[in-house]
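Colleague: Please read through the structure below; I'll follow up with questions.
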Amino acid sequence: MIESAAVIGAGIMGVGIAQVLAMSQVEVSLYDASPEQLAKARGRLAENLQLLVAHGVISAGRAREALANVTPKGSLAAAVTGAGLVAEVIPERLDWKLELYTEIETLGRP
């Protein structure tokens, strides 16, 4: 079982992936190259979880636990260090992806 994960990219898809992992009791490090995007992500995640609570899908306690399982990280190195899974959800630009994967290979565990 995966105990920790890094989600690289805090847009709509990144927040959704972080949410699913966090609800599965995985500790998630969330990173985005844009500090503004990263700052918005926690609020979006909280809103998503509150919608699930409002519709009776999960309890408020489960929502709090999931939110606590997601930690924004200010650097790529901090996000991927020790992660058992790295999910990349950055824009579809080959040059950005190649640069990111090259950096992740030097930072993450095998």
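In the structure tokens, the first chain shown is A, the next is B, and so on; residue numbers restart at 1 for each chain, and ligands run from 1 in the order shown.
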Please identify all polymer residues within 7 Å of Gln37 in chain A, counting only C-alpha atoms, omitting same-chain residues fewer than 3 positions from it, and present them as an MDAnalysis selection string.
Modeller: chainID A and resid 10:11 32 34 40:41
Colleague: I'd like the neighbourhood of range 82-93 of chain A as a count of residues only, where a residue qualifies if any of its atoms comes within 12 Å (using only C-alpha atoms), though same-chain residues fewer than 4 positions away should be ignored.
Modeller: 43
Colleague: Of the residues A:Thr81, A:Thr106, A:Gln19, A:Ser75, which is the one nearest to Arg62 in chain A, using only C-alpha atoms?
Modeller: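 For Arg62 in chain A, the nearest of the candidates is A:Gln19.
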Colleague: Would you mind telling me which residue in A:Gln50, A:Pro35, A:Asp95, A:Glu103 lies nearest to Ala63 in chain A when using only C-alpha atoms?
Modeller: A:Gln50
Colleague: CA of Ala39 in chain A and CA of Glu65 in chain A, how far apart in Å?
Modeller: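 Between these atoms lies a distance of 19.3 Å.
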Colleague: May I have all residues of range 19-57 of chain A that DSSP, computed from the backbone, assigns to helix (DSSP H, G or I), given as a ChimeraX atom specification?
Modeller: /A:19-23,35-54
Colleague: Run DSSP on the backbone and grab whatever in chain A lands in strand (DSSP E); send it over as a short mmCIF file (atom, residue, chain, number, x, y, z; two decimals) with C-alpha atoms, in the first residue's frame.
Modeller:
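For reference, states.cif as written:
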```cif
data_model
loop_
_atom_site.label_atom_id
_atom_site.label_comp_id
_atom_site.auth_asym_id
_atom_site.auth_seq_id
_atom_site.Cartn_x
_atom_site.Cartn_y
_atom_site.Cartn_z
CA SER A 4 2.83 8.81 0.88
CA ALA A 5 2.48 10.51 -2.48
CA ALA A 6 3.49 13.70 -4.22
CA VAL A 7 1.13 15.43 -6.60
CA ILE A 8 2.93 17.86 -8.89
CA GLU A 27 -0.21 11.40 3.10
CA VAL A 28 -0.06 13.78 0.12
CA SER A 29 2.53 16.45 -0.61
CA LEU A 30 1.08 18.93 -3.10
CA TYR A 31 3.41 21.13 -5.17
CA VAL A 70 -2.67 17.07 2.23
CA THR A 71 0.33 19.30 2.84
CA PRO A 72 1.31 22.03 0.39
CA LEU A 85 4.11 7.63 -5.71
CA VAL A 86 4.59 10.76 -7.78
CA ALA A 87 1.68 11.97 -9.91
CA GLU A 88 2.49 14.65 -12.48
#
```
